[in-house]
Structures are given as C-alpha cells and as structure tokens.
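Asker: Here you go, this is entry.tsv (TSV, C-alpha atoms).
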```tsv
chain	number	residue	atom	x	y	z
Y	94	MET	CA	69.77	153.86	21.99
Y	95	ASN	CA	73.28	153.30	23.33
Y	96	GLN	CA	75.94	155.43	21.72
Y	97	ASN	CA	77.11	153.44	18.73
Y	98	LYS	CA	80.74	152.86	17.87
Y	99	LYS	CA	82.06	152.87	14.32
Y	100	ILE	CA	83.33	149.27	14.31
Y	101	SER	CA	81.98	146.19	16.08
Y	102	VAL	CA	84.74	143.65	16.69
Y	103	ILE	CA	83.35	140.15	17.16
Y	104	LEU	CA	85.53	137.83	19.20
Y	105	PRO	CA	84.12	134.28	19.26
Y	106	VAL	CA	85.71	132.19	21.99
Y	107	TYR	CA	85.49	128.67	23.37
Y	108	ASN	CA	87.71	127.60	26.27
Y	109	ARG	CA	90.53	130.00	25.41
Y	110	LYS	CA	90.88	131.76	28.75
Y	111	HIS	CA	94.66	131.36	28.45
Y	112	LEU	CA	94.85	133.14	25.07
Y	113	VAL	CA	92.02	135.64	24.81
Y	114	MET	CA	93.77	138.52	26.60
Y	115	ARG	CA	96.49	138.66	23.93
Y	116	ALA	CA	93.76	139.23	21.36
Y	117	ILE	CA	91.90	141.77	23.50
Y	118	ASN	CA	95.07	143.68	24.38
Y	119	SER	CA	95.87	144.01	20.69
Y	120	LEU	CA	92.44	145.52	20.17
Y	121	ALA	CA	92.92	147.92	23.07
Y	122	ALA	CA	96.17	149.06	21.41
Y	123	GLN	CA	94.53	150.03	18.09
Y	124	THR	CA	95.27	153.49	16.68
Y	125	CYS	CA	91.55	153.62	15.79
Y	126	THR	CA	89.70	153.67	19.11
Y	127	ASP	CA	86.12	153.92	17.80
Y	128	TRP	CA	85.15	150.28	18.36
Y	129	GLU	CA	83.01	148.04	20.56
Y	130	LEU	CA	84.17	144.56	21.54
Y	131	LEU	CA	81.60	141.76	21.42
Y	132	ILE	CA	82.95	138.71	23.22
Y	133	MET	CA	80.83	135.79	22.03
Y	134	ASP	CA	81.33	132.90	24.43
Y	135	ASP	CA	80.29	129.64	22.80
Y	136	GLY	CA	79.73	127.91	26.13
Y	137	SER	CA	83.21	127.91	27.68
Y	138	SER	CA	83.79	125.93	30.87
Y	139	ASP	CA	87.34	127.08	31.68
Y	140	GLY	CA	86.51	130.05	33.92
Y	141	LEU	CA	86.65	132.56	31.06
Y	142	ALA	CA	83.59	134.50	32.23
Y	143	GLU	CA	84.87	134.85	35.77
Y	144	MET	CA	88.09	136.32	34.42
Y	145	LEU	CA	86.30	138.72	32.05
Y	146	PHE	CA	83.49	140.10	34.24
Y	147	PRO	CA	85.62	142.50	36.33
Y	148	LEU	CA	87.16	143.77	33.08
Y	149	LEU	CA	83.69	144.41	31.63
Y	150	ASP	CA	82.95	146.70	34.56
Y	151	ALA	CA	86.03	148.77	33.70
Y	152	ASN	CA	85.44	148.78	29.93
Y	153	PRO	CA	81.97	150.00	28.89
Y	154	ALA	CA	82.81	149.39	25.21
Y	155	TRP	CA	83.04	145.64	25.86
Y	156	ARG	CA	80.06	143.31	25.85
Y	157	TYR	CA	79.88	139.62	26.77
Y	158	CYS	CA	77.32	137.24	25.24
Y	159	ARG	CA	76.92	133.54	25.85
Y	160	HIS	CA	74.82	130.70	24.49
Y	161	SER	CA	74.98	126.90	24.53
Y	162	HIS	CA	77.89	125.44	22.55
Y	163	ARG	CA	77.09	125.40	18.82
Y	164	GLY	CA	80.31	126.06	16.93
Y	165	LEU	CA	82.13	128.98	15.34
Y	166	ALA	CA	79.78	129.77	12.45
Y	167	LEU	CA	76.63	130.25	14.53
Y	168	THR	CA	78.60	132.09	17.20
Y	169	ARG	CA	79.88	134.53	14.56
Y	170	ASN	CA	76.29	134.92	13.36
Y	171	LEU	CA	75.16	135.88	16.85
Y	172	GLY	CA	77.79	138.59	16.76
Y	173	ILE	CA	76.51	139.81	13.39
Y	174	ALA	CA	72.97	139.91	14.77
Y	175	THR	CA	73.93	141.82	17.89
Y	176	ALA	CA	76.51	144.30	16.51
Y	177	SER	CA	75.65	147.98	16.75
Y	178	GLY	CA	78.63	149.43	14.88
Y	179	GLU	CA	78.38	150.76	11.32
Y	180	TYR	CA	81.16	148.34	10.32
Y	181	LEU	CA	81.86	144.86	11.58
Y	182	THR	CA	84.86	142.56	11.67
Y	183	PHE	CA	86.27	139.62	13.60
Y	184	LEU	CA	89.14	138.74	15.88
Y	185	ASP	CA	89.74	135.09	16.69
Y	186	SER	CA	90.65	134.28	20.27
Y	187	ASP	CA	94.08	132.85	19.34
Y	188	ASP	CA	95.08	135.68	16.98
Y	189	GLU	CA	95.90	139.37	17.36
Y	190	TYR	CA	95.87	142.65	15.45
Y	191	LYS	CA	98.78	144.92	14.70
Y	192	PRO	CA	97.99	148.44	15.99
Y	193	GLU	CA	96.89	149.85	12.61
Y	194	HIS	CA	94.64	146.90	11.68
Y	195	LEU	CA	91.28	148.64	12.09
Y	196	ALA	CA	92.45	152.06	10.90
Y	197	VAL	CA	93.76	150.90	7.53
Y	198	ARG	CA	90.61	148.90	6.82
Y	199	LEU	CA	88.29	151.73	7.80
Y	200	ASP	CA	90.31	154.11	5.59
Y	201	TYR	CA	90.08	151.66	2.71
Y	202	MET	CA	86.31	151.34	3.04
Y	203	HIS	CA	85.93	155.12	3.20
Y	204	SER	CA	88.02	155.60	0.08
Y	205	HIS	CA	86.30	152.75	-1.81
Y	206	PRO	CA	82.59	153.31	-1.18
Y	207	ASP	CA	81.67	150.82	-3.92
Y	208	VAL	CA	83.32	147.93	-2.03
Y	209	ASP	CA	81.06	145.92	0.30
Y	210	PHE	CA	83.51	143.47	1.91
Y	211	ILE	CA	87.27	143.22	2.21
Y	212	HIS	CA	89.31	140.29	3.50
Y	213	GLY	CA	92.94	139.18	3.71
Y	214	GLY	CA	96.10	140.74	5.09
Y	215	VAL	CA	97.44	138.08	7.43
Y	216	VAL	CA	100.88	137.59	8.92
Y	217	LEU	CA	101.39	133.89	9.63
Y	218	ASN	CA	102.94	133.13	13.00
Y	219	GLY	CA	103.85	129.52	13.69
Y	220	PRO	CA	106.03	126.70	12.36
Y	221	PRO	CA	106.16	126.80	8.51
Y	222	GLU	CA	104.69	123.29	8.25
Y	223	SER	CA	101.60	124.52	10.10
Y	224	HIS	CA	100.97	127.08	7.36
Y	225	TYR	CA	99.34	124.27	5.40
Y	226	VAL	CA	95.81	123.43	6.55
Y	227	PRO	CA	93.14	120.97	5.39
Y	228	ASP	CA	91.50	122.17	2.18
Y	229	ALA	CA	87.79	122.83	2.70
Y	230	VAL	CA	87.00	122.13	-0.96
Y	231	HIS	CA	89.32	119.22	-1.85
Y	232	LYS	CA	88.89	116.71	0.96
Y	233	GLY	CA	92.07	115.02	2.13
Y	234	LYS	CA	94.31	117.68	0.57
Y	235	MET	CA	96.29	120.41	2.29
Y	236	ILE	CA	96.36	124.04	1.15
Y	237	HIS	CA	98.66	126.93	2.03
Y	238	LEU	CA	96.95	129.57	4.17
Y	239	SER	CA	97.93	132.27	1.65
Y	240	GLU	CA	95.46	130.63	-0.77
Y	241	CYS	CA	92.67	130.34	1.83
Y	242	TYR	CA	89.87	132.60	2.82
Y	243	ILE	CA	90.59	133.73	6.39
Y	244	GLY	CA	87.12	134.50	7.71
Y	245	SER	CA	88.30	136.53	10.68
Y	246	THR	CA	89.81	139.13	8.31
Y	247	LEU	CA	86.40	139.91	6.79
Y	248	PHE	CA	85.50	143.58	7.22
Y	249	GLY	CA	82.33	145.23	5.95
Y	250	LYS	CA	79.22	147.16	6.82
Y	251	THR	CA	77.12	145.54	9.53
Y	252	GLU	CA	73.97	145.97	7.46
Y	253	THR	CA	75.60	144.18	4.53
Y	254	PHE	CA	76.66	141.28	6.75
Y	255	ARG	CA	73.04	140.95	7.87
Y	256	ARG	CA	71.77	141.01	4.29
Y	257	SER	CA	74.29	138.29	3.44
Y	258	GLY	CA	72.47	135.85	5.70
Y	259	GLY	CA	75.60	135.09	7.74
Y	260	PHE	CA	77.58	131.86	7.90
Y	261	LYS	CA	76.17	128.40	7.30
Y	262	PRO	CA	76.64	126.11	10.34
Y	263	LEU	CA	79.43	124.07	8.72
Y	264	PRO	CA	81.88	122.27	11.03
Y	265	TYR	CA	84.96	123.54	9.13
Y	266	SER	CA	85.82	126.72	7.21
Y	267	ALA	CA	82.35	128.21	6.86
Y	268	GLU	CA	84.09	131.13	5.14
Y	269	SER	CA	84.85	128.86	2.17
Y	270	GLU	CA	81.11	128.71	1.54
Y	271	PHE	CA	80.41	132.30	2.65
Y	272	LEU	CA	82.86	134.22	0.45
Y	273	PRO	CA	81.97	132.72	-2.95
Y	274	ARG	CA	78.29	133.12	-2.06
Y	275	ILE	CA	78.52	136.80	-1.16
Y	276	ALA	CA	80.87	137.52	-4.09
Y	277	ALA	CA	77.96	136.71	-6.39
Y	278	GLN	CA	75.85	139.44	-4.77
Y	279	PHE	CA	78.29	142.00	-3.36
Y	280	ARG	CA	81.61	143.55	-4.31
Y	281	VAL	CA	84.36	141.72	-2.41
Y	282	GLU	CA	88.06	142.57	-2.54
Y	283	LYS	CA	91.16	140.96	-1.09
Y	284	VAL	CA	93.51	143.47	0.54
Y	285	ALA	CA	97.17	143.01	1.39
Y	286	PHE	CA	97.67	145.15	4.53
Y	287	PRO	CA	99.61	142.63	6.65
Y	288	THR	CA	98.11	143.49	10.03
Y	289	TYR	CA	96.22	140.37	11.16
Y	290	ILE	CA	98.58	138.07	13.06
Y	291	TYR	CA	97.29	134.57	12.44
Y	292	TYR	CA	98.71	131.97	14.79
Y	293	THR	CA	99.07	128.51	13.28
Y	294	GLY	CA	99.78	125.09	14.67
Y	295	LEU	CA	98.11	125.53	18.06
Y	296	PRO	CA	97.09	122.12	19.40
Y	297	ASP	CA	93.46	123.23	19.98
Y	298	SER	CA	92.98	125.15	16.72
Y	299	ILE	CA	90.15	124.08	14.42
Y	300	CYS	CA	92.65	123.59	11.55
Y	301	THR	CA	94.99	121.42	13.63
Y	302	ILE	CA	92.17	119.20	14.88
Y	303	LYS	CA	90.72	118.86	11.39
Y	304	GLY	CA	94.11	117.81	10.02
Y	305	GLN	CA	94.64	115.25	12.77
Y	306	ASN	CA	91.18	113.79	12.24
Y	307	GLU	CA	91.91	113.33	8.53
Y	308	GLY	CA	95.47	112.10	9.11
Y	309	ILE	CA	96.92	114.89	6.96
Y	310	THR	CA	98.74	117.05	9.48
Y	311	THR	CA	101.82	117.37	7.25
Y	312	ARG	CA	102.03	118.03	3.56
S	271	MET	CA	71.71	133.14	10.32
S	272	ASN	CA	70.55	131.25	13.41
S	273	GLN	CA	66.99	130.01	13.27
S	274	ASN	CA	64.86	132.91	14.43
S	275	LYS	CA	62.03	132.65	16.93
S	276	LYS	CA	58.78	134.58	16.65
S	277	ILE	CA	59.12	136.55	19.88
S	278	SER	CA	62.23	137.85	21.65
S	279	VAL	CA	61.62	138.18	25.39
S	280	ILE	CA	64.05	140.64	26.95
S	281	LEU	CA	64.70	140.11	30.64
S	282	PRO	CA	66.89	142.89	32.10
S	283	VAL	CA	68.32	141.94	35.47
S	284	TYR	CA	70.57	143.41	38.13
S	285	ASN	CA	71.38	141.44	41.28
S	286	ARG	CA	68.10	139.47	41.27
S	287	LYS	CA	69.49	135.96	41.47
S	288	HIS	CA	66.92	135.19	44.17
S	289	LEU	CA	63.92	136.20	42.02
S	290	ILE	CA	64.75	135.60	38.39
S	291	MET	CA	63.79	131.93	38.18
S	292	ARG	CA	60.15	132.77	38.97
S	293	ALA	CA	60.13	135.03	35.91
S	294	ILE	CA	61.95	132.50	33.70
S	295	ASN	CA	59.76	129.62	34.83
S	296	SER	CA	56.67	131.62	33.90
S	297	LEU	CA	58.14	132.08	30.42
S	298	ALA	CA	58.92	128.36	30.14
S	299	ALA	CA	55.27	127.67	30.99
S	300	GLN	CA	53.85	129.78	28.12
S	301	THR	CA	51.27	128.20	25.81
S	302	CYS	CA	53.12	129.92	22.96
S	303	LYS	CA	56.52	128.22	22.64
S	304	ASP	CA	57.97	130.24	19.77
S	305	TRP	CA	60.24	132.56	21.76
S	306	GLU	CA	63.86	133.25	22.60
S	307	LEU	CA	64.91	134.52	26.03
S	308	LEU	CA	67.49	137.29	26.18
S	309	ILE	CA	68.80	137.69	29.70
S	310	MET	CA	70.44	141.13	29.84
S	311	ASP	CA	72.64	141.26	32.91
S	312	ASP	CA	73.37	144.87	33.84
S	313	GLY	CA	76.53	143.96	35.77
S	314	SER	CA	75.21	141.77	38.59
S	315	SER	CA	77.59	140.75	41.37
S	316	ASP	CA	75.37	138.27	43.23
S	317	GLY	CA	76.40	135.06	41.47
S	318	LEU	CA	73.59	135.27	38.90
S	319	ALA	CA	75.78	134.22	35.96
S	320	GLU	CA	77.15	131.16	37.75
S	321	MET	CA	73.58	130.04	38.45
S	322	LEU	CA	72.43	130.63	34.87
S	323	PHE	CA	75.31	129.16	32.81
S	324	PRO	CA	74.43	125.48	33.33
S	325	LEU	CA	70.84	126.32	32.39
S	326	LEU	CA	72.00	128.00	29.17
S	327	ASP	CA	73.68	124.76	28.14
S	328	ALA	CA	70.36	122.96	28.51
S	329	ASN	CA	68.28	125.67	26.80
S	330	PRO	CA	69.62	126.66	23.37
S	331	HIS	CA	66.99	129.38	22.94
S	332	TRP	CA	68.25	131.28	25.98
S	333	ARG	CA	71.02	133.82	25.58
S	334	TYR	CA	72.97	135.70	28.25
S	335	CYS	CA	74.47	139.15	27.63
S	336	ARG	CA	76.34	141.36	30.05
S	337	HIS	CA	77.84	144.83	30.09
S	338	SER	CA	79.02	147.29	32.75
S	339	HIS	CA	76.24	148.62	34.98
S	340	ARG	CA	74.33	151.42	33.21
S	341	GLY	CA	70.69	151.18	34.26
S	342	LEU	CA	67.43	149.71	32.98
S	343	ALA	CA	66.85	151.88	29.92
S	344	LEU	CA	70.20	151.21	28.23
S	345	THR	CA	70.01	147.55	29.20
S	346	ARG	CA	66.59	147.26	27.52
S	347	ASN	CA	68.09	149.00	24.48
S	348	LEU	CA	70.82	146.39	24.30
S	349	GLY	CA	68.08	143.78	24.21
S	350	ILE	CA	66.32	145.64	21.40
S	351	ALA	CA	69.59	145.80	19.46
S	352	THR	CA	70.32	142.10	19.88
S	353	ALA	CA	66.84	140.58	19.44
S	354	SER	CA	66.32	138.27	16.47
S	355	GLY	CA	62.59	137.58	16.84
S	356	GLU	CA	59.93	139.15	14.62
S	357	TYR	CA	58.27	140.55	17.75
S	358	LEU	CA	59.83	141.78	20.95
S	359	THR	CA	58.61	142.25	24.52
S	360	PHE	CA	59.92	142.49	28.06
S	361	LEU	CA	59.79	140.55	31.31
S	362	ASP	CA	61.16	142.23	34.42
S	363	SER	CA	63.18	140.07	36.77
S	364	ASP	CA	60.74	140.50	39.67
S	365	ASP	CA	57.57	139.88	37.65
S	366	GLU	CA	56.02	136.90	35.90
S	367	TYR	CA	53.70	136.02	33.01
S	368	LYS	CA	50.45	134.11	33.15
S	369	PRO	CA	50.68	131.15	30.75
S	370	GLU	CA	48.70	132.82	27.94
S	371	HIS	CA	50.58	136.14	28.10
S	372	LEU	CA	52.55	135.83	24.85
S	373	ALA	CA	49.83	133.93	22.95
S	374	VAL	CA	47.11	136.54	23.42
S	375	ARG	CA	49.44	139.39	22.46
S	376	LEU	CA	50.69	137.61	19.36
S	377	ASP	CA	47.08	136.83	18.37
S	378	TYR	CA	46.16	140.46	18.88
S	379	MET	CA	48.99	141.70	16.70
S	380	HIS	CA	48.05	139.20	13.99
S	381	SER	CA	44.36	140.09	14.09
S	382	THR	CA	44.62	143.86	13.76
S	383	LYS	CA	46.10	145.90	10.96
S	384	LEU	CA	45.98	149.03	13.10
S	385	SER	CA	49.39	150.41	13.86
S	386	SER	CA	48.10	152.56	16.72
S	387	ALA	CA	48.20	151.38	20.32
S	388	PRO	CA	45.06	149.82	21.82
S	389	SER	CA	42.87	152.20	23.81
S	390	ALA	CA	42.93	152.21	27.59
S	391	ASP	CA	39.70	150.16	27.56
S	392	ASN	CA	41.69	147.17	26.39
S	393	PHE	CA	43.90	147.06	29.43
S	394	ASP	CA	43.12	144.92	32.45
S	395	LYS	CA	41.08	146.80	34.98
```
Just give me the structure as structure tokens.
Answerer:
Amino acid sequence: MNQNKKISVILPVYNRKHLVMRAINSLAAQTCTDWELLIMDDGSSDGLAEMLFPLLDANPAWRYCRHSHRGLALTRNLGIATASGEYLTFLDSDDEYKPEHLAVRLDYMHSHPDVDFIHGGVVLNGPPESHYVPDAVHKGKMIHLSECYIGSTLFGKTETFRRSGGFKPLPYSAESEFLPRIAAQFRVEKVAFPTYIYYTGLPDSICTIKGQNEGITTR
Amino acid sequence: MNQNKKISVILPVYNRKHLIMRAINSLAAQTCKDWELLIMDDGSSDGLAEMLFPLLDANPHWRYCRHSHRGLALTRNLGIATASGEYLTFLDSDDEYKPEHLAVRLDYMHSTKLSSAPSADNFDK
C-alpha cells in the first residue's frame, strides 16, 4: 500500500477558499512532520479546488476528496473512513494549530496507552462575546466554549474512530452526541495543552449562524 | 458512518476526460444498483475535475479523490484504502461494463463459500 503516515489530519471545508491556507500553513509548520492531510471538500463552489490542485502536485502527503454537499458530520466521517494514519485528528478550515499541536498529543497518547481519545486544549481567538455559542443540549441557551466539546480537537487511533461508528448527521454540534456516546465505551480524557487556535465570531461559522437563527447571538 | 453501499467501484483516471463518461455511464446502467463510485484522479490536468464536479452534486454516491501523480498501482491502493463497500472492484477509465457485470459477480460471491479464485475455465473465452 502507500506509505502510511503516523497521523491523518482531516480538514473538512465548505466554501472557505479565503481561510483554508491559514489552517494548512499551520499544519505545514508542525514540529511533528509525520502526517497526511486529508482535505474533505463538502461541495465547495468558490474555486477552492482550482486553488488547491497545483499545491497537491507539490505536496504528496496531501489528498483532496469531494462529495455532494451533506454537512460537517458526514464529511468528517468520510475522512475517518479514508484515513490511513495510525492516529487521526481534525483541523477546521477557519482554525489553526500552534506548532507543537500534533507533537504534544502524540506524546500524550504514547505515554497513556490506556487512553482511547483525547480532546480539548483550545485558545479562543475572537471578540469575548463570541466565546458564547448556542448550547446543543439546552435549546435557546448560550454556553461558554470552555464548557463545550470542541470536536475538531478530538485525537485518537484511526481504528478506534472507525469502531465508534463516527458522527451522527446532526445539523449542529454532532460532537455533543458523539463524545458522551463514546465515553460509555472508550476511555476519553480532556487535555489542557492550549495549542488549537479556535476562531470565534466569524460571520459564516456554524455557531454564528445557529445563534442568529435562534435569535440568541448575545448572552 | 455514512450509509454504506454493497460494492465500491474504483475508477482510477489520469487525463482521460474524453473517455471517462463511457465508463461511468456503463456503471450507471448496471442492473445491480447497490454501488458507490470512487473516482481516483491521479493528478489529471485536462479539465477532468471541472467536468465531474457538477455531476458529483447530482450523484451523492459518487466520490472524487485526488493526489499528486504516482501511477496506477498506488492510485488503486488509495481506492482500496478509502472504499466503504462490503465488496470492491475496479473499472478502468478506458473500459466499460456490460449491464450485468456487477450483478453476476456479486451473485457468484454469494453462492460460493470457496475462498480460492475461480479456475481459468470460468473466464470468458
């Protein structure tokens, strides 16, 4: 088979041509270089593919996949199904990693072989009022991101992700269903390494749109 | 996970924009409908992707994947790695299936417990 990398990084993207290179550049700058990048295009129409294709030619560790538009959860699942790394994690198109993001998580998994999944470790970047997002459990309420599951920080063995059954195709915060479900079957730990830069308050973010739709954009 | 199809059909392609629709149309015409199509683009530069993307939107069980050019074998392997069907087979970009192609093979696999390959006598003469 193809030579497998240690970590598959799944980057789901939909019409974020203007932002995705910040995310990809932060991956390229990782101290751990044993990764493959799986760009999962959920049907973008903004010229994203045309921008990426020449870069694919120059970067054999990148792969581009595309299907008809079906939302974040099923697009993440496609990444889980297609990953060839021993470990798997995510990078959202509007976020970025600090340089040690992958290295500290890989070290943690190596030194805690009984742990199946880790999550957490975000640095919030955006206006403070945008750090509150619609609560997936209590409809109509806002919740601070520090109390939320941030699905893109999930890190675990690819095989374990596959056994988990992946994300349910929920329109908002599929991780709020995923994490409690897998915690019943696997050992899940929240880690504090603050290396995932989570951008808040973007006009096209899923959280922002959800808040606007429910009329609860401010706390 | 996503709803899985019975058969994953892996179609590796490199600069065959002018031929690939014959292959894909022969898949669309199969009597067996329980398949997903995995188009594995080995770095084409002939406008193939631009032709295919609108068709992907209309066909949720098609998927397009692309990597830097590395040849047929590794491109087939990518298809093997990414397939979600219970069974897996191939369709080259310059070939086509007769309508019963998938159905007779699936029937054969269901009707025999033998794990060994069929003898040469079973192949078309």
Asker: Give me, please, the distance in Å between atom CA of Y:Leu217 and atom CA of Y:Tyr291, quoted to one decimal.
Answerer: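 Taking atom CA of Y:Leu217 and atom CA of Y:Tyr291, their separation equals 5.0 Å.
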Asker: Write out as JSON lines a residue-level contact list of chain S versus chain Y with cut-off 6 Å: for each qualifying residue the closest pair of atoms and the distance in Å to one decimal, counting only C-alpha atoms, rows sorted by chain and residue number upward.
Answerer:
```
{"residue": "S:Met271", "atom": "CA", "partner": "Y:Gly259", "partner_atom": "CA", "distance": 5.1}
{"residue": "S:Leu326", "atom": "CA", "partner": "Y:Ser161", "partner_atom": "CA", "distance": 5.6}
{"residue": "S:Asp327", "atom": "CA", "partner": "Y:Ser161", "partner_atom": "CA", "distance": 4.4}
{"residue": "S:Pro330", "atom": "CA", "partner": "Y:Ser161", "partner_atom": "CA", "distance": 5.5}
{"residue": "S:Arg333", "atom": "CA", "partner": "Y:His160", "partner_atom": "CA", "distance": 5.0}
{"residue": "S:Tyr334", "atom": "CA", "partner": "Y:Arg159", "partner_atom": "CA", "distance": 5.1}
{"residue": "S:Cys335", "atom": "CA", "partner": "Y:Cys158", "partner_atom": "CA", "distance": 4.2}
{"residue": "S:Arg336", "atom": "CA", "partner": "Y:Tyr157", "partner_atom": "CA", "distance": 5.1}
{"residue": "S:His337", "atom": "CA", "partner": "Y:Arg156", "partner_atom": "CA", "distance": 5.0}
{"residue": "S:Ser338", "atom": "CA", "partner": "Y:Asp150", "partner_atom": "CA", "distance": 4.4}
{"residue": "S:Asn347", "atom": "CA", "partner": "Y:Met94", "partner_atom": "CA", "distance": 5.7}
{"residue": "S:Thr352", "atom": "CA", "partner": "Y:Thr175", "partner_atom": "CA", "distance": 4.1}
```
Asker: So which residues touch S:Asp312 within 8 Å, counting only C-alpha atoms, skipping near sequence neighbours fewer than 4 positions away, as an MDAnalysis selection string?
Answerer: chainID S and resid 282:284 336:342 345
Asker: So the first atom is atom CA of S:Leu361 and the second is atom CA of S:Asn285; what is the distance between them in Å, to one decimal place?
Answerer: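 Distance reported for this atom pair: 15.3 Å.
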Asker: What's around stretch 204-213 of chain Y at 12 Å? Count all atoms listed in the file, leave out sequence neighbours fewer than 2 positions away in its own chain, and write the answer as a VMD selection string.
Answerer: chain Y and resid 180 to 183 194 to 195 197 to 202 215 to 217 238 to 254 256 to 257 268 271 to 273 275 to 291
Asker: Given the choices S:Met310, S:Cys302, S:Ile350, S:Leu318, which gets closest to S:Asp377 if the distance is worked out from only C-alpha atoms?
Answerer: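 Among S:Met310, S:Cys302, S:Ile350, S:Leu318, it is S:Cys302 that comes nearest to S:Asp377.
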Asker: Can you measure atom CA of Y:Tyr225 to atom CA of Y:Val102 for me? One decimal in Å is fine.
Answerer: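 So the answer is 26.8 Å.
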Asker: Between S:Trp332, S:Ile280, S:Leu348, S:Gly313, single out the one closest to S:Ser363, counting all atoms listed in the file.
Answerer: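 Looking at the shortest contact to S:Ser363, the residue is S:Ile280.
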Asker: Residues at most 9 Å from Y:Val113, counting all atoms listed in the file, excluding those fewer than 3 positions away in the same chain, as a PyMOL selection string?
Answerer: chain Y and resi 104+106+109-110+116-118+141+185-188
